[in-house]
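Trainee: Pasting in a structure now, in structure tokens, and then I'll have a few things to ask.
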Protein chains: 4
Amino acid sequence: MPTPTDTLKLGWIGAGRKGYEMAARLARGGCDIAVWNRTKSKAEPLAKYGAKVVDALQELAAKDIVFCMVSTWEDVKQVMGKLLENKQKPKMVIECSSISLEGSAELRRLLNEKQIQYLAAPVSGNAKVIKAGKLTFVVSGPKAAYEAARPYLDMMGVGSSYVGEGELSRIVKICHNVMLGVVTQSLCEITILAEKAGVPRHAFLDFLNKSVMGSMFTRYKTPALVNLDFHVTFTPKLLRKDMDLGLDAGRRFEVPMPVAALTRDLIQQMIGHGMTEEDFSTLLLMQAKASGVALKPENKEVGDGLSS
Amino acid sequence: MPTPTDTLKLGWIGAGRKGYEMAARLARGGCDIAVWNRTKSKAEPLAKYGAKVVDALQELAAKDIVFCMVSTWEDVKQVMGKLLENKQKPKMVIECSSISLEGSAELRRLLNEKQIQYLAAPVSGNAKVIKAGKLTFVVSGPKAAYEAARPYLDMMGVGSSYVGEGELSRIVKICHNVMLGVVTQSLCEITILAEKAGVPRHAFLDFLNKSVMGSMFTRYKTPALVNLDFHVTFTPKLLRKDMDLGLDAGRRFEVPMPVAALTRDLIQQMIGHGMTEEDFSTLLLMQAKASGVALKPENKEVGDGLSS
Amino acid sequence: MPTPTDTLKLGWIGAGRKGYEMAARLARGGCDIAVWNRTKSKAEPLAKYGAKVVDALQELAAKDIVFCMVSTWEDVKQVMGKLLENKQKPKMVIECSSISLEGSAELRRLLNEKQIQYLAAPVSGNAKVIKAGKLTFVVSGPKAAYEAARPYLDMMGVGSSYVGEGELSRIVKICHNVMLGVVTQSLCEITILAEKAGVPRHAFLDFLNKSVMGSMFTRYKTPALVNLDFHVTFTPKLLRKDMDLGLDAGRRFEVPMPVAALTRDLIQQMIGHGMTEEDFSTLLLMQAKASGVALKPENKEVGDGLSS
Amino acid sequence: MPTPTDTLKLGWIGAGRKGYEMAARLARGGCDIAVWNRTKSKAEPLAKYGAKVVDALQELAAKDIVFCMVSTWEDVKQVMGKLLENKQKPKMVIECSSISLEGSAELRRLLNEKQIQYLAAPVSGNAKVIKAGKLTFVVSGPKAAYEAARPYLDMMGVGSSYVGEGELSRIVKICHNVMLGVVTQSLCEITILAEKAGVPRHAFLDFLNKSVMGSMFTRYKTPALVNLDFHVTFTPKLLRKDMDLGLDAGRRFEVPMPVAALTRDLIQQMIGHGMTEEDFSTLLLMQAKASGVALKPENKEVGDGLSS
């Protein structure tokens, strides 16, 4: 595999919490990278790693690969419109935001018309995960484009997986989030069961995280479940949206998803109870109430598996 | 922490697939260890690591710590009876088999009467996991006994978790297995969804395993799910038994476990369809049938995350 | 309440299995009624009750009330288009087919533009139920229109229920069908449980039907469940469609429907197993397979609660 | 069938709310009946129908058939012990209380030893249902005993169903109560859905009750659901007990019962939320909370389908 850094010129759109960390990894790795962010000041610290922070989106148009990591499909449409409003155009666009399959397909049509290669490349991992070097990509689009982009993707974390043509990576990301919902609900059921039986949550999760069932996810959710710190990483409504996208795909492909469907309705119960502003892992509080338990923070320092 | 090897004399009962690997790790680590197995020949290869293989259970009676790793509560009762039939007795017994809470409590009464310390210490991980050095223990009993035993437990894998007095570790192990059932069902739902959408199973699971949702479990189940190799590691009926133990605990402690209960019934459906002799991960085949898909092995070499 | 028969002139579109029986009841009750059916010969026997069977849809256009009882929204659109293609128009249209909320709303707009009153009035009951005089209507639209139409509706069965403005009756009908799915699944679970315990299905259902849980539905499904006669009354795919409409409404109104969602997926399982051509009550066969039971017809003459 | 009244002498144990109404029907029907109740005054009004109210249980010992309708298995054991403490004994005992299969089997052994015929005959219907003449029995035991007793059973309501030997009727009663739980939950889901869509509960239930899905049960629960009058008829914990008995039978006979299991956990959720003292139909309140709705009584006079 060629060293990524000495070959292609990269553009990066979006320096939010995740985008910043991703761009930082490319810059620190020695890539030739120019970054644009709506609020330029947020991107500026990237300069210390060697990134060039630009004023205008159009300055990225002539790059070999332009990465896009923004919030919503509306944002994607807007920045892509601006990026391509002049004649110059990049060879490839890699879109990493969490957008819908339909949005992704619309973007593909747009880019294909202009002969720009397009990879749909959503990620698994939040900003902390990225910082810890553990991000992963799931990628779909032309295989050759993936091969060309792969060194850069792999540089940002622990690797990428190519799953096929078109928008398949978007479906895979939805499947991933469906599992996240189910695992969280299961974790809440057994954590409360263990607690009522007499096992402190931190002790229970310590074992579970070390066990074969432990994942990066169960580990980084542990501080929340132990100390009841539910600052938002992902809202109940966003999780419900992804569960609904998964169930909708299930209907379309005629795949029954009973455990996912039930989890979805347990999330809906939580939303109905008015628990919408904190993290989705307040499913633990719902489970506790349904079990007649008043939870208390254990105030234990527990690791999240990400800090070194 | 004291070096474990230069202090205590260890006895080991049971050289089945798991017990053999566990004893091997202690022997290779330099412990003074004597091993008994019903079929002595199975234990004999342990001699090459420095273990002493004995003919009679009673030869272990005077050791400091006797570990027990057999199949069922009936086996435990029998070997413990034999071990203690003369006057000599160990200072501590550590029972690692998958026995019920009731069996564990009965053993505790028996050992307490004889002033033998007792730790209930079930494990997470199959023989391959142990060989790869990734076993974990969940331990309950007197805290001081745990502290004394800990160096030996940690030597057999990646660590142990102490969860409290009495038989609490047995409940934690059941919780762990409940999660195993739920995660498997969820994995089957999303793997078949991704497949019907056009993503090969090996590509889907490659991403999932690298993602934040990936666990040692999802990784070592991957070859089965990709290549449809369902040789038994754990039968559907054994998984149903553990789900039932979990749900029974849920009833006792008044903890609703809707996702676990549903998974349990999906396993029961599989058993009703006559799928009882292969691995429980044939849940994938049930999910495929219920989705109108005829699965084929993908015949891909995929890792199990355990081999180096 | 005024005697219905001596006042208004009625038109009737659709003499399928249900429509025929409904029109017959109005005709036998002495109403002035004219009937059109695509295949005229099917409607002709209604003449013996005093109905006038017409050749052209437009002959119904000048009636006071035109009832519509056809198969699909496509059929409704077509017959309404024909009915209204000339200048004449009825005072009121009562649409009784099982069409979607959206279709019903579109029809309302169309009729409102022409100042024709419109009642959405789906029914509960199949042809046998109607023949037995036990049909019911759920009605929405302008209250005054309902009051005017009520004597005719009530004449066709055991009564009608007014639930409010607009297309509310369509949602109520969907709720009704969701319950039908859930009750059928529950019935299958307990019937197979009783059977494995040693109770013949006919004996079990005899009690259930007489008990406080018995409904017209459980009674008329009894011959199917006892004698395994699964000729279609409603296909699995149609039931799935109604469950999906119910769950979709649940999503829209943020009402979790866990039992309905689970039932929906059990129906999907059945469809995945290829059971699509017989009656939806083959859920009994799915339940039997999942319970490891080979069912046999009991060949018992059991009533359906409808025949006198 | 012989006229019941001119042949056998009847004894009746238990004049609680249900027992009183049942004995009253036999007395009014002209039977020769003697009644004992722990608190004699509660039974005394039965004298006006021609029943003899006795002071001592032993006075019933020489009757042809003794009916037993008390609260718990403990009560049954006690009254049966007293009844049979002298030499005299009845020809037959018919036990109608809601006791467990195990209790029923123990009673059968006891009575068989004394050559007393025994029918297990639990009922469907509360006191109001009985008063309205709509009680039903499910009966198991020797067929000949059933034939002899049948005229008396049928006199108390709308009929009895014979389901086989031994304690089979007890299982059937449990199945009946499982369905009661599931139907209630389904009713709550769709009633709240209809309400959020804009349909008043009384209008929705008016249709449902008249429809093919309507049962005596849905009708007599309607006032509770419409006006939120949740005085206890059956507590959440008693319903949970019956659901658990049903699921336990499902485990024993290897019948998956997914919809029943889910309903059971929704009842457990309610209990966890502290809703234990009112009627189980407070499932409606749980469903409302989970849907973000604040329910209000509609203060509508709605029938219960039982009053004439």
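Please note that chains go A, B, ... in the order of the structure tokens, that every chain numbers its residues from 1, and that ligands are numbered from 1 in the order shown.
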Which residues are near D:Arg170? Cut-off 12 Å, only C-alpha atoms, ignore same chain within fewer than 2 positions. Put them as a PDB file with N, CA and C atoms, in the first residue's frame.

Mentor:
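Once written, selection_10.pdb looks like this:
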```
ATOM      1  N   ALA C 194     -53.050 -25.340  25.309  1.00  0.00           N
ATOM      2  CA  ALA C 194     -54.093 -26.229  25.835  1.00  0.00           C
ATOM      3  C   ALA C 194     -54.006 -27.599  25.145  1.00  0.00           C
ATOM      4  N   ALA C 197     -51.270 -29.649  26.434  1.00  0.00           N
ATOM      5  CA  ALA C 197     -51.598 -30.088  27.796  1.00  0.00           C
ATOM      6  C   ALA C 197     -52.636 -31.205  27.787  1.00  0.00           C
ATOM      7  N   GLY C 198     -53.309 -31.405  26.630  1.00  0.00           N
ATOM      8  CA  GLY C 198     -54.248 -32.514  26.539  1.00  0.00           C
ATOM      9  C   GLY C 198     -55.687 -32.141  26.229  1.00  0.00           C
ATOM     10  N   VAL C 199     -55.946 -30.862  25.959  1.00  0.00           N
ATOM     11  CA  VAL C 199     -57.327 -30.435  25.700  1.00  0.00           C
ATOM     12  C   VAL C 199     -57.563 -30.326  24.195  1.00  0.00           C
ATOM     13  N   PHE C 204     -61.577 -26.750  23.976  1.00  0.00           N
ATOM     14  CA  PHE C 204     -61.006 -25.503  24.482  1.00  0.00           C
ATOM     15  C   PHE C 204     -61.777 -24.295  23.952  1.00  0.00           C
TER      16      PHE C 204
ATOM     17  N   GLU D  95     -65.427 -28.252  42.636  1.00  0.00           N
ATOM     18  CA  GLU D  95     -64.603 -27.159  43.150  1.00  0.00           C
ATOM     19  C   GLU D  95     -64.493 -26.066  42.079  1.00  0.00           C
ATOM     20  N   CYS D  96     -65.004 -24.876  42.384  1.00  0.00           N
ATOM     21  CA  CYS D  96     -65.089 -23.799  41.392  1.00  0.00           C
ATOM     22  C   CYS D  96     -64.132 -22.637  41.648  1.00  0.00           C
ATOM     23  N   SER D  97     -63.409 -22.655  42.749  1.00  0.00           N
ATOM     24  CA  SER D  97     -62.509 -21.534  43.061  1.00  0.00           C
ATOM     25  C   SER D  97     -61.337 -21.507  42.074  1.00  0.00           C
ATOM     26  N   SER D  98     -60.603 -20.392  42.077  1.00  0.00           N
ATOM     27  CA  SER D  98     -59.434 -20.278  41.189  1.00  0.00           C
ATOM     28  C   SER D  98     -58.206 -20.803  41.910  1.00  0.00           C
ATOM     29  N   ILE D  99     -58.034 -22.121  41.922  1.00  0.00           N
ATOM     30  CA  ILE D  99     -56.874 -22.688  42.599  1.00  0.00           C
ATOM     31  C   ILE D  99     -55.913 -23.250  41.571  1.00  0.00           C
ATOM     32  N   SER D 100     -54.717 -23.544  42.030  1.00  0.00           N
ATOM     33  CA  SER D 100     -53.688 -24.016  41.113  1.00  0.00           C
ATOM     34  C   SER D 100     -53.939 -25.454  40.710  1.00  0.00           C
ATOM     35  N   LEU D 101     -53.287 -25.822  39.637  1.00  0.00           N
ATOM     36  CA  LEU D 101     -53.321 -27.197  39.162  1.00  0.00           C
ATOM     37  C   LEU D 101     -52.831 -28.148  40.251  1.00  0.00           C
ATOM     38  N   GLU D 102     -51.798 -27.744  40.976  1.00  0.00           N
ATOM     39  CA  GLU D 102     -51.240 -28.628  42.002  1.00  0.00           C
ATOM     40  C   GLU D 102     -52.237 -28.808  43.144  1.00  0.00           C
ATOM     41  N   GLY D 103     -52.866 -27.702  43.566  1.00  0.00           N
ATOM     42  CA  GLY D 103     -53.871 -27.792  44.613  1.00  0.00           C
ATOM     43  C   GLY D 103     -55.010 -28.699  44.176  1.00  0.00           C
ATOM     44  N   SER D 104     -55.430 -28.499  42.956  1.00  0.00           N
ATOM     45  CA  SER D 104     -56.548 -29.284  42.437  1.00  0.00           C
ATOM     46  C   SER D 104     -56.205 -30.773  42.429  1.00  0.00           C
ATOM     47  N   ALA D 105     -54.974 -31.079  42.048  1.00  0.00           N
ATOM     48  CA  ALA D 105     -54.556 -32.489  42.009  1.00  0.00           C
ATOM     49  C   ALA D 105     -54.485 -33.086  43.413  1.00  0.00           C
ATOM     50  N   LEU D 119     -65.035 -32.982  40.493  1.00  0.00           N
ATOM     51  CA  LEU D 119     -64.926 -32.184  39.272  1.00  0.00           C
ATOM     52  C   LEU D 119     -64.215 -30.875  39.589  1.00  0.00           C
ATOM     53  N   ALA D 120     -63.223 -30.565  38.768  1.00  0.00           N
ATOM     54  CA  ALA D 120     -62.577 -29.257  38.826  1.00  0.00           C
ATOM     55  C   ALA D 120     -63.342 -28.365  37.863  1.00  0.00           C
ATOM     56  N   ALA D 121     -63.935 -27.288  38.361  1.00  0.00           N
ATOM     57  CA  ALA D 121     -64.852 -26.509  37.520  1.00  0.00           C
ATOM     58  C   ALA D 121     -64.717 -25.011  37.729  1.00  0.00           C
ATOM     59  N   PRO D 122     -63.564 -24.435  37.358  1.00  0.00           N
ATOM     60  CA  PRO D 122     -63.425 -22.983  37.478  1.00  0.00           C
ATOM     61  C   PRO D 122     -64.369 -22.268  36.517  1.00  0.00           C
ATOM     62  N   VAL D 123     -64.556 -20.968  36.750  1.00  0.00           N
ATOM     63  CA  VAL D 123     -65.569 -20.222  36.004  1.00  0.00           C
ATOM     64  C   VAL D 123     -64.971 -19.034  35.253  1.00  0.00           C
ATOM     65  N   SER D 124     -65.714 -18.562  34.279  1.00  0.00           N
ATOM     66  CA  SER D 124     -65.397 -17.307  33.607  1.00  0.00           C
ATOM     67  C   SER D 124     -66.504 -16.312  33.921  1.00  0.00           C
ATOM     68  N   PHE D 137     -68.742 -22.387  32.895  1.00  0.00           N
ATOM     69  CA  PHE D 137     -67.834 -23.284  33.602  1.00  0.00           C
ATOM     70  C   PHE D 137     -66.952 -24.020  32.604  1.00  0.00           C
ATOM     71  N   VAL D 138     -65.708 -24.243  33.009  1.00  0.00           N
ATOM     72  CA  VAL D 138     -64.888 -25.202  32.268  1.00  0.00           C
ATOM     73  C   VAL D 138     -64.598 -26.338  33.248  1.00  0.00           C
ATOM     74  N   VAL D 139     -64.881 -27.554  32.807  1.00  0.00           N
ATOM     75  CA  VAL D 139     -64.927 -28.671  33.735  1.00  0.00           C
ATOM     76  C   VAL D 139     -63.992 -29.798  33.308  1.00  0.00           C
ATOM     77  N   SER D 140     -63.280 -30.361  34.302  1.00  0.00           N
ATOM     78  CA  SER D 140     -62.535 -31.605  34.027  1.00  0.00           C
ATOM     79  C   SER D 140     -62.703 -32.569  35.186  1.00  0.00           C
ATOM     80  N   GLY D 141     -62.517 -33.847  34.865  1.00  0.00           N
ATOM     81  CA  GLY D 141     -62.728 -34.926  35.827  1.00  0.00           C
ATOM     82  C   GLY D 141     -63.439 -36.058  35.101  1.00  0.00           C
ATOM     83  N   TYR D 162     -66.873 -29.328  28.867  1.00  0.00           N
ATOM     84  CA  TYR D 162     -66.082 -30.419  29.429  1.00  0.00           C
ATOM     85  C   TYR D 162     -64.813 -30.548  28.598  1.00  0.00           C
ATOM     86  N   VAL D 163     -63.659 -30.506  29.255  1.00  0.00           N
ATOM     87  CA  VAL D 163     -62.413 -30.503  28.471  1.00  0.00           C
ATOM     88  C   VAL D 163     -61.531 -31.731  28.699  1.00  0.00           C
ATOM     89  N   GLY D 164     -61.951 -32.650  29.588  1.00  0.00           N
ATOM     90  CA  GLY D 164     -61.163 -33.876  29.739  1.00  0.00           C
ATOM     91  C   GLY D 164     -60.947 -34.263  31.183  1.00  0.00           C
ATOM     92  N   GLU D 165     -60.043 -35.187  31.346  1.00  0.00           N
ATOM     93  CA  GLU D 165     -59.783 -35.759  32.674  1.00  0.00           C
ATOM     94  C   GLU D 165     -58.937 -34.820  33.537  1.00  0.00           C
ATOM     95  N   GLY D 166     -58.835 -35.220  34.791  1.00  0.00           N
ATOM     96  CA  GLY D 166     -57.888 -34.584  35.704  1.00  0.00           C
ATOM     97  C   GLY D 166     -58.076 -33.096  35.851  1.00  0.00           C
ATOM     98  N   GLU D 167     -56.938 -32.372  35.873  1.00  0.00           N
ATOM     99  CA  GLU D 167     -56.987 -30.946  36.183  1.00  0.00           C
ATOM    100  C   GLU D 167     -56.952 -30.083  34.925  1.00  0.00           C
ATOM    101  N   LEU D 168     -57.282 -30.661  33.778  1.00  0.00           N
ATOM    102  CA  LEU D 168     -57.184 -29.897  32.534  1.00  0.00           C
ATOM    103  C   LEU D 168     -57.968 -28.585  32.588  1.00  0.00           C
ATOM    104  N   VAL D 172     -56.991 -24.664  31.289  1.00  0.00           N
ATOM    105  CA  VAL D 172     -57.835 -23.887  30.386  1.00  0.00           C
ATOM    106  C   VAL D 172     -58.181 -22.536  31.016  1.00  0.00           C
ATOM    107  N   LYS D 173     -58.462 -22.549  32.288  1.00  0.00           N
ATOM    108  CA  LYS D 173     -58.769 -21.277  32.971  1.00  0.00           C
ATOM    109  C   LYS D 173     -57.562 -20.332  32.911  1.00  0.00           C
ATOM    110  N   ILE D 174     -56.378 -20.887  33.073  1.00  0.00           N
ATOM    111  CA  ILE D 174     -55.167 -20.058  32.976  1.00  0.00           C
ATOM    112  C   ILE D 174     -55.038 -19.487  31.564  1.00  0.00           C
ATOM    113  N   CYS D 175     -55.261 -20.311  30.557  1.00  0.00           N
ATOM    114  CA  CYS D 175     -55.214 -19.834  29.165  1.00  0.00           C
ATOM    115  C   CYS D 175     -56.198 -18.673  28.976  1.00  0.00           C
ATOM    116  N   HIS D 176     -57.382 -18.846  29.504  1.00  0.00           N
ATOM    117  CA  HIS D 176     -58.422 -17.806  29.441  1.00  0.00           C
ATOM    118  C   HIS D 176     -57.899 -16.509  30.051  1.00  0.00           C
ATOM    119  N   ASN D 177     -57.242 -16.600  31.175  1.00  0.00           N
ATOM    120  CA  ASN D 177     -56.766 -15.381  31.831  1.00  0.00           C
ATOM    121  C   ASN D 177     -55.566 -14.773  31.105  1.00  0.00           C
ATOM    122  N   ASP D 242     -51.364 -15.004  37.099  1.00  0.00           N
ATOM    123  CA  ASP D 242     -51.947 -15.898  36.089  1.00  0.00           C
ATOM    124  C   ASP D 242     -51.126 -15.904  34.806  1.00  0.00           C
ATOM    125  N   LEU D 245     -48.358 -18.185  35.515  1.00  0.00           N
ATOM    126  CA  LEU D 245     -48.773 -19.587  35.460  1.00  0.00           C
ATOM    127  C   LEU D 245     -48.874 -20.042  33.999  1.00  0.00           C
ATOM    128  N   GLY D 246     -49.390 -19.172  33.153  1.00  0.00           N
ATOM    129  CA  GLY D 246     -49.495 -19.512  31.730  1.00  0.00           C
ATOM    130  C   GLY D 246     -48.124 -19.693  31.092  1.00  0.00           C
ATOM    131  N   ALA D 249     -46.554 -22.875  32.219  1.00  0.00           N
ATOM    132  CA  ALA D 249     -47.082 -24.011  31.447  1.00  0.00           C
ATOM    133  C   ALA D 249     -46.445 -24.031  30.058  1.00  0.00           C
TER     134      ALA D 249
END
```

Trainee: Taking only stretch 182-304 of chain B into account, list the residues labelled alpha helix (DSSP H) by DSSP (computed from the backbone), as a count of residues only.

Mentor: 78

Trainee: At a cut-off of 6 Å, list the chain D residues touching chain B, using only C-alpha atoms, as a list in words.

Mentor: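 Taken together, these residues fit the definition: Pro256, Pro258, Leu262, Asp265 and Gln268 of chain D.
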
Trainee: In Å, with one decimal, what is the gap from atom CA of A:Met275 to atom CA of D:Ser186?

Mentor: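 Separating atom CA of A:Met275 from atom CA of D:Ser186 is a distance of 24.2 Å.
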
Trainee: Pick out each residue of stretch 31-233 of chain C that DSSP on the backbone tags as strand (DSSP E); I need them as a PyMOL selection string.

Mentor: chain C and resi 32-36+52-53+65-68+92-95+117-120+123-124+136-140+159-164

Trainee: Put those residues in a file: N, CA and C atoms, as a CSV table (one decimal), in the first residue's frame.

Mentor:
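Result file is selection_18.csv:
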```
chain,number,residue,atom,x,y,z
C,32,ASP,N,-86.1,1.9,-1.4
C,32,ASP,CA,-86.0,2.2,-2.8
C,32,ASP,C,-84.6,2.2,-3.3
C,33,ILE,N,-84.1,1.1,-3.8
C,33,ILE,CA,-82.7,1.0,-4.1
C,33,ILE,C,-82.4,0.5,-5.5
C,34,ALA,N,-81.4,1.1,-6.1
C,34,ALA,CA,-80.9,0.7,-7.4
C,34,ALA,C,-79.5,0.3,-7.3
C,35,VAL,N,-79.1,-0.8,-7.9
C,35,VAL,CA,-77.8,-1.4,-7.7
C,35,VAL,C,-77.0,-1.5,-9.1
C,36,TRP,N,-75.7,-1.1,-9.0
C,36,TRP,CA,-74.9,-1.3,-10.2
C,36,TRP,C,-73.7,-2.2,-9.8
C,52,LYS,N,-83.7,-2.5,-7.9
C,52,LYS,CA,-83.6,-2.3,-9.4
C,52,LYS,C,-82.1,-2.5,-9.8
C,53,VAL,N,-81.8,-3.3,-10.7
C,53,VAL,CA,-80.4,-3.5,-11.1
C,53,VAL,C,-80.2,-2.7,-12.4
C,65,ILE,N,-78.8,9.1,-1.7
C,65,ILE,CA,-77.6,8.5,-1.1
C,65,ILE,C,-77.0,7.4,-2.0
C,66,VAL,N,-75.7,7.5,-2.3
C,66,VAL,CA,-75.1,6.4,-3.1
C,66,VAL,C,-74.1,5.7,-2.1
C,67,PHE,N,-74.2,4.5,-1.9
C,67,PHE,CA,-73.3,3.7,-1.2
C,67,PHE,C,-72.3,3.1,-2.1
C,68,CYS,N,-71.0,2.9,-1.6
C,68,CYS,CA,-70.0,2.3,-2.4
C,68,CYS,C,-69.3,1.2,-1.6
C,92,MET,N,-75.5,12.6,-1.2
C,92,MET,CA,-74.6,12.0,-0.2
C,92,MET,C,-73.9,10.8,-0.8
C,93,VAL,N,-72.6,10.6,-0.5
C,93,VAL,CA,-71.9,9.3,-0.8
C,93,VAL,C,-71.5,8.7,0.5
C,94,ILE,N,-71.7,7.4,0.7
C,94,ILE,CA,-71.2,6.7,1.8
C,94,ILE,C,-70.3,5.6,1.4
C,95,GLU,N,-69.0,5.8,1.7
C,95,GLU,CA,-68.0,4.9,1.2
C,95,GLU,C,-67.7,3.8,2.3
C,117,GLN,N,-72.2,15.5,0.2
C,117,GLN,CA,-71.8,15.1,1.5
C,117,GLN,C,-71.2,13.8,1.5
C,118,TYR,N,-70.2,13.6,2.4
C,118,TYR,CA,-69.5,12.3,2.3
C,118,TYR,C,-69.3,11.7,3.7
C,119,LEU,N,-69.7,10.5,3.8
C,119,LEU,CA,-69.4,9.7,5.0
C,119,LEU,C,-68.4,8.6,4.7
C,120,ALA,N,-67.4,8.5,5.6
C,120,ALA,CA,-66.5,7.4,5.5
C,120,ALA,C,-67.0,6.3,6.5
C,123,VAL,N,-66.7,-1.1,7.6
C,123,VAL,CA,-67.5,-2.1,8.3
C,123,VAL,C,-66.7,-3.1,9.1
C,124,SER,N,-67.3,-3.7,10.1
C,124,SER,CA,-66.7,-4.9,10.8
C,124,SER,C,-67.6,-6.1,10.5
C,136,THR,N,-71.5,-4.2,11.5
C,136,THR,CA,-71.5,-2.9,12.2
C,136,THR,C,-70.7,-1.9,11.3
C,137,PHE,N,-71.1,-0.6,11.4
C,137,PHE,CA,-70.4,0.4,10.7
C,137,PHE,C,-69.7,1.3,11.7
C,138,VAL,N,-68.5,1.8,11.3
C,138,VAL,CA,-67.9,2.9,12.1
C,138,VAL,C,-67.8,4.1,11.1
C,139,VAL,N,-68.4,5.2,11.5
C,139,VAL,CA,-68.7,6.3,10.6
C,139,VAL,C,-68.0,7.6,11.0
C,140,SER,N,-67.4,8.3,10.0
C,140,SER,CA,-66.9,9.7,10.3
C,140,SER,C,-67.3,10.6,9.1
C,159,GLY,N,-76.0,-2.0,14.0
C,159,GLY,CA,-75.8,-0.6,14.4
C,159,GLY,C,-74.6,0.0,13.8
C,160,SER,N,-74.5,1.3,14.1
C,160,SER,CA,-73.3,2.1,13.6
C,160,SER,C,-72.8,2.9,14.7
C,161,SER,N,-71.5,3.3,14.7
C,161,SER,CA,-70.9,4.2,15.7
C,161,SER,C,-70.3,5.4,15.0
C,162,TYR,N,-70.7,6.6,15.5
C,162,TYR,CA,-70.2,7.8,14.9
C,162,TYR,C,-69.0,8.2,15.7
C,163,VAL,N,-67.8,8.4,15.1
C,163,VAL,CA,-66.6,8.7,15.8
C,163,VAL,C,-66.0,10.1,15.6
C,164,GLY,N,-66.6,10.9,14.7
C,164,GLY,CA,-66.1,12.2,14.6
C,164,GLY,C,-66.0,12.6,13.1
```

Trainee: As a list in words, please: the residues near C:Asp229 (cut-off 9 Å, only C-alpha atoms, same-chain neighbours under 3 positions excluded).

Mentor: Pro223, Ala224, Leu225, Val226, Asp279 and Pro297 of chain C

Trainee: What is the distance, in Å and to one decimal place, between atom CA of B:Phe280 and atom CA of A:Met213?

Mentor: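 Atom CA of B:Phe280 sits 15.9 Å away from atom CA of A:Met213.
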
Trainee: Using Å and a single decimal, report how far atom CA of C:Ser41 sits from atom CA of C:Asn126.

Mentor: 21.5 Å
